[in-house]
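J.: One file: run22.cif (mmCIF, C-alpha atoms and all ligand atoms).
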data_protein
loop_
_atom_site.label_atom_id
_atom_site.label_comp_id
_atom_site.auth_asym_id
_atom_site.auth_seq_id
_atom_site.Cartn_x
_atom_site.Cartn_y
_atom_site.Cartn_z
CA MET A 1 -119.40 30.85 4.44
CA PRO A 2 -116.95 30.32 1.62
CA TYR A 3 -117.82 31.11 -1.95
CA THR A 4 -116.06 30.52 -5.22
CA THR A 5 -113.05 32.49 -6.34
CA PRO A 6 -111.29 32.60 -9.68
CA THR A 7 -108.67 29.94 -10.15
CA SER A 8 -105.14 30.65 -11.26
CA ALA A 9 -105.30 27.71 -13.66
CA ALA A 10 -105.19 29.90 -16.71
CA SER A 11 -104.26 28.58 -20.08
CA ALA A 12 -101.97 30.37 -22.47
CA ALA A 13 -104.78 30.30 -25.01
CA SER A 14 -107.15 32.29 -22.80
CA HIS A 15 -104.50 34.98 -22.33
CA ARG A 16 -104.23 35.38 -26.07
CA LEU A 17 -107.85 36.46 -26.41
CA PRO A 18 -107.96 40.15 -27.39
CA ARG A 19 -109.87 42.91 -25.65
CA PRO A 20 -113.43 43.31 -26.95
CA PRO A 21 -114.42 46.24 -29.14
CA CYS A 22 -116.18 49.17 -27.49
CA VAL A 23 -119.78 48.54 -26.49
CA ALA A 24 -122.14 49.54 -29.31
CA THR A 25 -125.65 50.85 -28.80
CA ASP A 26 -127.17 48.21 -31.10
CA TRP A 27 -125.94 45.32 -28.94
CA ALA A 28 -127.92 43.25 -26.46
CA LEU A 29 -125.70 42.73 -23.42
CA PHE A 30 -125.93 39.71 -21.10
CA LEU A 31 -123.87 40.25 -17.98
CA ASP A 32 -122.97 37.69 -15.33
CA LEU A 33 -122.80 39.11 -11.78
CA ASP A 34 -120.26 37.38 -9.49
CA GLY A 35 -116.72 37.56 -10.82
CA THR A 36 -117.86 39.70 -13.74
CA LEU A 37 -119.52 42.86 -12.39
CA CYS A 38 -118.44 42.23 -8.78
CA GLY A 39 -115.48 40.52 -7.19
CA TYR A 40 -116.07 37.38 -5.15
CA ARG A 41 -116.64 37.59 -1.42
CA ASP A 42 -116.31 34.81 1.16
CA ASP A 43 -120.03 35.23 1.87
CA PRO A 44 -122.06 35.93 -1.28
CA ALA A 45 -124.53 37.86 0.86
CA ASP A 46 -121.81 40.49 1.28
CA VAL A 47 -121.74 41.28 -2.44
CA ALA A 48 -123.17 44.71 -3.25
CA LEU A 49 -122.92 47.03 -6.23
CA THR A 50 -120.79 50.12 -5.76
CA PRO A 51 -122.40 53.51 -6.53
CA ARG A 52 -120.11 53.73 -9.56
CA LEU A 53 -121.31 50.39 -10.90
CA ARG A 54 -124.95 51.29 -10.29
CA GLY A 55 -124.42 54.48 -12.28
CA LEU A 56 -122.70 52.60 -15.08
CA LEU A 57 -125.44 49.98 -15.37
CA SER A 58 -128.18 52.61 -15.37
CA GLY A 59 -126.35 54.53 -18.07
CA LEU A 60 -125.76 51.35 -20.06
CA ALA A 61 -129.46 50.40 -19.94
CA ALA A 62 -130.37 53.88 -21.17
CA ARG A 63 -127.87 53.81 -24.05
CA LEU A 64 -128.97 50.31 -25.17
CA ASP A 65 -132.69 51.07 -24.84
CA GLY A 66 -133.06 48.55 -22.04
CA ALA A 67 -131.30 45.66 -23.80
CA VAL A 68 -129.09 44.82 -20.80
CA CYS A 69 -129.81 41.60 -18.92
CA ILE A 70 -128.20 40.21 -15.79
CA LEU A 71 -127.69 36.47 -16.41
CA SER A 72 -126.60 34.78 -13.18
CA GLY A 73 -126.54 31.54 -11.27
CA ARG A 74 -127.87 33.29 -8.19
CA SER A 75 -131.43 32.85 -6.98
CA ALA A 76 -134.05 35.38 -8.07
CA ALA A 77 -134.34 36.70 -4.52
CA ASP A 78 -130.60 37.24 -4.32
CA LEU A 79 -130.53 39.08 -7.64
CA GLN A 80 -133.42 41.28 -6.61
CA ARG A 81 -131.57 42.20 -3.44
CA VAL A 82 -128.30 43.06 -5.18
CA LEU A 83 -129.90 44.83 -8.16
CA ALA A 84 -132.73 46.60 -6.34
CA GLY A 85 -133.69 49.84 -8.06
CA LEU A 86 -131.95 49.11 -11.35
CA PRO A 87 -134.05 48.84 -14.54
CA LEU A 88 -132.48 45.56 -15.67
CA PRO A 89 -134.13 42.26 -16.63
CA GLN A 90 -132.74 39.46 -14.49
CA ILE A 91 -132.40 35.76 -15.27
CA ALA A 92 -131.66 33.66 -12.18
CA GLU A 93 -130.31 30.15 -11.58
CA HIS A 94 -128.67 29.88 -15.01
CA GLY A 95 -132.12 30.10 -16.62
CA GLY A 96 -133.59 27.27 -14.54
CA ALA A 97 -135.49 29.36 -12.00
CA GLY A 98 -139.08 28.22 -11.55
CA VAL A 99 -138.55 24.62 -12.67
CA ALA A 100 -138.95 23.14 -9.17
CA ALA A 101 -142.09 25.17 -8.51
CA ARG A 102 -143.66 23.80 -11.70
CA ASP A 103 -142.46 20.19 -11.43
CA ALA A 104 -142.99 18.18 -8.24
CA ALA A 105 -140.98 15.21 -9.56
CA TYR A 106 -138.00 17.45 -10.24
CA ARG A 107 -138.35 19.00 -6.79
CA ALA A 108 -138.24 15.53 -5.22
CA GLN A 109 -135.05 14.69 -7.11
CA LEU A 110 -133.50 17.93 -5.92
CA ASP A 111 -134.51 17.18 -2.32
CA ALA A 112 -132.83 13.78 -2.54
CA VAL A 113 -129.63 15.28 -3.92
CA GLU A 114 -129.66 17.96 -1.25
CA ALA A 115 -129.78 15.32 1.49
CA VAL A 116 -126.71 13.57 0.08
CA LEU A 117 -124.81 16.82 -0.45
CA ARG A 118 -125.49 17.80 3.17
CA ALA A 119 -124.06 14.44 4.30
CA ILE A 120 -120.98 15.06 2.16
CA ALA A 121 -120.61 18.55 3.64
CA THR A 122 -120.70 17.06 7.12
CA ALA A 123 -117.89 14.68 6.18
CA TYR A 124 -115.69 17.36 4.57
CA PRO A 125 -115.17 20.44 6.76
CA GLY A 126 -114.89 23.58 4.68
CA THR A 127 -117.62 22.53 2.27
CA TRP A 128 -121.16 23.86 2.52
CA VAL A 129 -124.48 23.43 0.76
CA GLU A 130 -126.57 26.17 -0.82
CA ARG A 131 -130.14 25.23 -1.69
CA LYS A 132 -131.76 27.51 -4.25
CA PRO A 133 -135.40 27.14 -5.31
CA SER A 134 -134.49 25.07 -8.40
CA SER A 135 -130.91 23.95 -7.86
CA CYS A 136 -128.56 22.79 -5.14
CA VAL A 137 -124.86 23.61 -4.79
CA LEU A 138 -121.94 22.08 -2.92
CA HIS A 139 -119.30 24.79 -2.37
CA TYR A 140 -115.77 23.58 -1.66
CA ARG A 141 -113.34 26.47 -2.02
CA ALA A 142 -112.14 25.97 1.54
CA ALA A 143 -111.74 22.23 0.93
CA ALA A 144 -110.05 22.32 -2.46
CA ASP A 145 -107.47 19.74 -1.32
CA HIS A 146 -110.31 17.21 -1.26
CA ALA A 147 -111.46 17.95 -4.82
CA GLU A 148 -110.80 14.40 -6.06
CA CYS A 149 -112.73 12.82 -3.18
CA LEU A 150 -115.60 15.25 -3.62
CA GLU A 151 -115.74 14.51 -7.34
CA SER A 152 -115.98 10.80 -6.53
CA ALA A 153 -118.71 11.44 -3.98
CA VAL A 154 -120.80 13.74 -6.15
CA THR A 155 -120.74 12.23 -9.63
CA PRO A 156 -122.57 8.95 -8.77
CA LEU A 157 -125.63 11.03 -7.91
CA LEU A 158 -126.18 12.15 -11.46
CA PRO A 159 -127.33 8.86 -13.07
CA LEU A 160 -129.88 8.45 -10.27
CA HIS A 161 -131.76 11.62 -11.16
CA ALA A 162 -132.70 11.98 -14.81
CA GLY A 163 -134.02 15.50 -14.45
CA LEU A 164 -130.76 16.92 -13.17
CA ARG A 165 -127.50 17.97 -14.72
CA LEU A 166 -124.23 18.63 -12.91
CA LEU A 167 -122.44 21.95 -13.40
CA ARG A 168 -118.78 22.03 -12.40
CA GLY A 169 -118.04 25.68 -11.70
CA LEU A 170 -115.26 27.41 -9.79
CA PHE A 171 -115.06 25.34 -6.59
CA VAL A 172 -118.73 24.39 -6.87
CA TYR A 173 -120.76 21.38 -7.89
CA GLU A 174 -124.24 22.52 -8.82
CA PHE A 175 -127.16 20.20 -9.54
CA ALA A 176 -129.64 22.05 -11.74
CA ALA A 177 -132.48 21.37 -14.13
CA ARG A 178 -131.53 19.51 -17.28
CA GLY A 179 -132.41 21.48 -20.43
CA HIS A 180 -131.91 24.89 -18.86
CA ASP A 181 -128.64 26.81 -19.03
CA LYS A 182 -127.37 30.30 -19.73
CA GLY A 183 -127.40 29.57 -23.45
CA THR A 184 -131.05 28.57 -23.61
CA ALA A 185 -131.89 31.56 -21.42
CA LEU A 186 -130.03 33.97 -23.70
CA SER A 187 -131.67 32.54 -26.81
CA ALA A 188 -135.13 32.89 -25.26
CA GLN A 189 -134.48 36.46 -24.14
CA MET A 190 -133.32 37.37 -27.65
CA GLN A 191 -136.83 36.60 -28.88
CA ARG A 192 -138.24 39.41 -26.75
CA ALA A 193 -138.23 43.19 -27.03
CA PRO A 194 -136.02 45.15 -26.65
CA PHE A 195 -133.45 42.39 -27.26
CA ALA A 196 -134.82 41.02 -30.55
CA GLY A 197 -132.94 42.22 -33.62
CA ARG A 198 -129.81 43.21 -31.70
CA MET A 199 -126.42 41.51 -31.61
CA PRO A 200 -126.05 39.45 -28.41
CA VAL A 201 -122.87 39.82 -26.38
CA ALA A 202 -122.43 37.65 -23.29
CA VAL A 203 -119.91 38.51 -20.57
CA GLY A 204 -118.94 36.11 -17.79
CA ASP A 205 -116.14 34.51 -15.80
CA ASP A 206 -117.20 30.93 -15.10
CA VAL A 207 -117.61 27.70 -17.02
CA THR A 208 -121.40 28.10 -16.88
CA ASP A 209 -121.00 31.22 -19.04
CA GLU A 210 -119.67 29.11 -21.91
CA ASP A 211 -123.24 28.16 -22.84
CA ALA A 212 -124.11 31.86 -23.14
CA PHE A 213 -120.99 32.52 -25.23
CA ALA A 214 -121.93 29.73 -27.64
CA ALA A 215 -125.56 30.87 -27.86
CA ALA A 216 -124.46 34.45 -28.56
CA ALA A 217 -122.10 33.23 -31.28
CA ALA A 218 -124.91 31.20 -32.85
CA LEU A 219 -126.88 34.44 -33.15
CA ARG A 220 -123.93 36.26 -34.80
CA GLY A 221 -122.76 37.78 -31.53
CA PHE A 222 -119.88 36.77 -29.26
CA GLY A 223 -118.74 36.03 -25.74
CA VAL A 224 -116.33 37.95 -23.53
CA ALA A 225 -114.50 35.87 -20.92
CA VAL A 226 -113.60 37.65 -17.70
CA GLY A 227 -110.53 36.67 -15.70
CA PRO A 228 -107.89 34.03 -16.32
CA ARG A 229 -110.08 30.95 -16.82
CA ALA A 230 -109.56 29.23 -20.16
CA SER A 231 -112.55 29.65 -22.45
CA ALA A 232 -113.51 27.47 -25.38
CA ALA A 233 -116.26 29.70 -26.76
CA ALA A 234 -115.33 33.32 -25.96
CA ARG A 235 -113.76 35.53 -28.63
CA PHE A 236 -112.54 38.26 -26.30
CA ARG A 237 -111.33 38.67 -22.74
CA LEU A 238 -111.31 41.28 -20.00
CA ALA A 239 -108.99 40.89 -17.02
CA ASP A 240 -111.41 41.34 -14.12
CA ALA A 241 -114.51 43.14 -12.83
CA ASP A 242 -112.72 46.49 -12.82
CA ALA A 243 -111.88 46.03 -16.49
CA VAL A 244 -115.55 45.25 -17.22
CA ALA A 245 -116.61 48.47 -15.45
CA ASP A 246 -114.05 50.49 -17.41
CA TRP A 247 -115.24 48.88 -20.65
CA ILE A 248 -118.82 50.00 -19.89
CA ALA A 249 -117.60 53.44 -18.81
CA ALA A 250 -116.00 53.94 -22.22
CA LEU A 251 -119.53 54.08 -23.68
CA VAL A 252 -121.59 55.75 -20.98
CA GLY A 253 -119.02 57.95 -19.24
CA ASP A 254 -117.82 57.43 -15.71
CA PRO A 255 -120.31 58.47 -12.98
CA ALA A 256 -117.46 58.88 -10.50
CA ALA A 257 -115.60 61.23 -12.85
CA THR A 258 -118.81 63.17 -13.54
CA ALA A 259 -119.44 63.55 -9.80
CA ARG A 260 -115.92 64.89 -9.27
CA SER A 261 -116.15 67.45 -12.09
MG MG B 1 -119.64 34.49 -12.40
#
How does this structure look as structure tokens?
T.:
Amino acid sequence: MPYTTPTSAASAASHRLPRPPCVATDWALFLDLDGTLCGYRDDPADVALTPRLRGLLSGLAARLDGAVCILSGRSAADLQRVLAGLPLPQIAEHGGAGVAARDAAYRAQLDAVEAVLRAIATAYPGTWVERKPSSCVLHYRAAADHAECLESAVTPLLPLHAGLRLLRGLFVYEFAARGHDKGTALSAQMQRAPFAGRMPVAVGDDVTDEDAFAAAAALRGFGVAVGPRASAAARFRLADADAVADWIAALVGDPAATARS
């Protein structure tokens, strides 16, 4: 199955963003997963953390007294699979996880949208539908030539379902719960120990991370955009997932180097 991949549609402005300062131990870090800690794979089920990255994240959590949160659009089950064994709080589905389980009316709206998205996927080979517990996604990386038609097919759904919002990510249309995004999730997490009182720093590669960047900035922190995508709210930029790993390694040391010595 296809999955999203970073676009080359970079703006000159995004390239001008400087590298972030070194990670400080009094920060609260919010890290996206796909495209930020890991590269994209055609099948998201193939994504796994390397031993080096596992070592880095464990070391990071220790140095920041546990104030390291994975903030992802993936389902909770997916995150638990990828992050198994790591002592990291996880926020799934852009902060909207659990909404459908609590709200039957919302669940019905999501079911209706899923049915239409599956019909669209049948009409456009190369697209596919991912149903998460509280959101539903149409992936179209392998049908990018049909982007305009897909936009026309998808957008009329939104006014029909008041509980939903439409996220336009990298080759994805995602219908998710209105009122829940990575920004609201970050703000809520910052109320809790061990995050409270620290400076929030959000790191991510996709448009859905912009909410987290803005929320971090509102709490006197900042956002770090990953990859070439233009960012309206980030103050800094790292080139790719390898650069993110190296940035973390500058604080905690490199497990691979330690193992070799
Ligand atoms: Mg991402």
J.: With a cut-off of 12 Å, could you pull out the residues of chain A touching ligand MG 1 (chain B) and give me the nearest pair of atoms for each, distance in Å to one decimal, using only C-alpha atoms and all ligand atoms, ordered by chain and ascending number, as JSON lines?
T.:
{"residue": "A:Tyr3", "atom": "CA", "partner": "B:MG1", "partner_atom": "MG", "distance": 11.1}
{"residue": "A:Thr4", "atom": "CA", "partner": "B:MG1", "partner_atom": "MG", "distance": 9.0}
{"residue": "A:Thr5", "atom": "CA", "partner": "B:MG1", "partner_atom": "MG", "distance": 9.2}
{"residue": "A:Pro6", "atom": "CA", "partner": "B:MG1", "partner_atom": "MG", "distance": 9.0}
{"residue": "A:Phe30", "atom": "CA", "partner": "B:MG1", "partner_atom": "MG", "distance": 11.9}
{"residue": "A:Leu31", "atom": "CA", "partner": "B:MG1", "partner_atom": "MG", "distance": 9.1}
{"residue": "A:Asp32", "atom": "CA", "partner": "B:MG1", "partner_atom": "MG", "distance": 5.5}
{"residue": "A:Leu33", "atom": "CA", "partner": "B:MG1", "partner_atom": "MG", "distance": 5.6}
{"residue": "A:Asp34", "atom": "CA", "partner": "B:MG1", "partner_atom": "MG", "distance": 4.1}
{"residue": "A:Gly35", "atom": "CA", "partner": "B:MG1", "partner_atom": "MG", "distance": 4.5}
{"residue": "A:Thr36", "atom": "CA", "partner": "B:MG1", "partner_atom": "MG", "distance": 5.7}
{"residue": "A:Leu37", "atom": "CA", "partner": "B:MG1", "partner_atom": "MG", "distance": 8.4}
{"residue": "A:Cys38", "atom": "CA", "partner": "B:MG1", "partner_atom": "MG", "distance": 8.6}
{"residue": "A:Gly39", "atom": "CA", "partner": "B:MG1", "partner_atom": "MG", "distance": 9.0}
{"residue": "A:Tyr40", "atom": "CA", "partner": "B:MG1", "partner_atom": "MG", "distance": 8.6}
{"residue": "A:Arg41", "atom": "CA", "partner": "B:MG1", "partner_atom": "MG", "distance": 11.8}
{"residue": "A:Pro44", "atom": "CA", "partner": "B:MG1", "partner_atom": "MG", "distance": 11.5}
{"residue": "A:Ile70", "atom": "CA", "partner": "B:MG1", "partner_atom": "MG", "distance": 10.8}
{"residue": "A:Leu71", "atom": "CA", "partner": "B:MG1", "partner_atom": "MG", "distance": 9.2}
{"residue": "A:Ser72", "atom": "CA", "partner": "B:MG1", "partner_atom": "MG", "distance": 7.0}
{"residue": "A:Gly73", "atom": "CA", "partner": "B:MG1", "partner_atom": "MG", "distance": 7.6}
{"residue": "A:Arg74", "atom": "CA", "partner": "B:MG1", "partner_atom": "MG", "distance": 9.3}
{"residue": "A:Glu93", "atom": "CA", "partner": "B:MG1", "partner_atom": "MG", "distance": 11.5}
{"residue": "A:His94", "atom": "CA", "partner": "B:MG1", "partner_atom": "MG", "distance": 10.5}
{"residue": "A:Gly169", "atom": "CA", "partner": "B:MG1", "partner_atom": "MG", "distance": 9.0}
{"residue": "A:Leu170", "atom": "CA", "partner": "B:MG1", "partner_atom": "MG", "distance": 8.7}
{"residue": "A:Phe171", "atom": "CA", "partner": "B:MG1", "partner_atom": "MG", "distance": 11.8}
{"residue": "A:Val172", "atom": "CA", "partner": "B:MG1", "partner_atom": "MG", "distance": 11.6}
{"residue": "A:Lys182", "atom": "CA", "partner": "B:MG1", "partner_atom": "MG", "distance": 11.4}
{"residue": "A:Ala202", "atom": "CA", "partner": "B:MG1", "partner_atom": "MG", "distance": 11.7}
{"residue": "A:Val203", "atom": "CA", "partner": "B:MG1", "partner_atom": "MG", "distance": 9.1}
{"residue": "A:Gly204", "atom": "CA", "partner": "B:MG1", "partner_atom": "MG", "distance": 5.7}
{"residue": "A:Asp205", "atom": "CA", "partner": "B:MG1", "partner_atom": "MG", "distance": 4.9}
{"residue": "A:Asp206", "atom": "CA", "partner": "B:MG1", "partner_atom": "MG", "distance": 5.1}
{"residue": "A:Val207", "atom": "CA", "partner": "B:MG1", "partner_atom": "MG", "distance": 8.5}
{"residue": "A:Thr208", "atom": "CA", "partner": "B:MG1", "partner_atom": "MG", "distance": 8.0}
{"residue": "A:Asp209", "atom": "CA", "partner": "B:MG1", "partner_atom": "MG", "distance": 7.5}
{"residue": "A:Glu210", "atom": "CA", "partner": "B:MG1", "partner_atom": "MG", "distance": 10.9}
{"residue": "A:Ala212", "atom": "CA", "partner": "B:MG1", "partner_atom": "MG", "distance": 11.9}
{"residue": "A:Ala225", "atom": "CA", "partner": "B:MG1", "partner_atom": "MG", "distance": 10.0}
{"residue": "A:Val226", "atom": "CA", "partner": "B:MG1", "partner_atom": "MG", "distance": 8.6}
{"residue": "A:Gly227", "atom": "CA", "partner": "B:MG1", "partner_atom": "MG", "distance": 9.9}
{"residue": "A:Arg229", "atom": "CA", "partner": "B:MG1", "partner_atom": "MG", "distance": 11.1}
{"residue": "A:Asp240", "atom": "CA", "partner": "B:MG1", "partner_atom": "MG", "distance": 10.8}
{"residue": "A:Ala241", "atom": "CA", "partner": "B:MG1", "partner_atom": "MG", "distance": 10.1}
J.: Mind dumping a table of every range 26-143 of chain A residue within 6 Å of range 248-257 of chain A, with the nearest atom pair and its distance in Å to one decimal, using only C-alpha atoms, sorted by chain and rising number, as a tab-separated table?
T.:
residue	atom	partner	partner_atom	distance
A:Arg52	CA	A:Pro255	CA	5.8
A:Gly55	CA	A:Pro255	CA	5.8
A:Gly59	CA	A:Val252	CA	5.7
J.: Could you pull the residues within 10 Å of range 120-137 of chain A, counting all atoms listed in the file, minus those fewer than 4 positions along the same chain, as an MDAnalysis selection string?
T.: chainID A and resid 1:3 73:78 92:103 106:107 110:111 113:116 141:144 146 149:150 153:154 164:169 171:177
J.: Provide the CA of Ser187 in chain A to CA of Val82 in chain A distance in Å, to one decimal place.
T.: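 Distance reported for this atom pair: 24.3 Å.
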J.: Starting from 3 Å padding per side, set up an axis-aligned box that covers all listed atoms of range 155-168 of chain A and hand over centre and edge lengths in Å, one decimal, as lines of an AutoDock Vina configuration file.
T.:
center_x = -126.4
center_y = 15.2
center_z = -11.4
size_x = 21.2
size_y = 19.6
size_z = 12.9
J.: What gap, in Å, lies between CA of Leu49 in chain A and CA of Leu238 in chain A?
T.: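 Separation between CA of Leu49 in chain A and CA of Leu238 in chain A: 18.9 Å.
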J.: For CA of Ala218 in chain A and CA of Ser58 in chain A, determine how far apart the two atoms are, in Å to one decimal place.
T.: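 Pair CA of Ala218 in chain A / CA of Ser58 in chain A returns 27.8 Å.
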J.: Of the residues A:Leu219, A:Ala233, A:Val201, A:Leu88, which is the one nearest to Pro20 in chain A, using all atoms listed in the file?
T.: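 Checking each of A:Leu219, A:Ala233, A:Val201, A:Leu88 against Pro20 in chain A, counting all atoms listed in the file, the winner is A:Val201.
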J.: Return the single residue from A:Ala105, A:Ile91, A:Val244, A:Leu160 that is closest to His180 in chain A, with distances computed using all atoms listed in the file.
T.: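 Of the candidates, the smallest distance to His180 in chain A is held by A:Ile91.
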J.: Choose the residue, out of A:Leu79, A:Thr25, A:Tyr140, A:His161, that has the smallest atom-to-atom separation from Ala112 in chain A; count only C-alpha atoms.
T.: A:His161
J.: Using all atoms listed in the file, can you tell me which of A:Gly223, A:Gly183, A:Gly85, A:Pro194 comes closest to Val68 in chain A?
T.: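 The closest residue to Val68 in chain A is A:Pro194.
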J.: Using all atoms listed in the file, can you tell me which of A:Ala28, A:Ala185, A:Ala245, A:Leu86 comes closest to Arg220 in chain A?
T.: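 Checking each of A:Ala28, A:Ala185, A:Ala245, A:Leu86 against Arg220 in chain A, counting all atoms listed in the file, the winner is A:Ala28.
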J.: Counting all atoms listed in the file, which of A:Leu83, A:Ala230, A:Ala147, A:Asp65 gets nearest to Val47 in chain A?
T.: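 Smallest distance to Val47 in chain A is found for A:Leu83.
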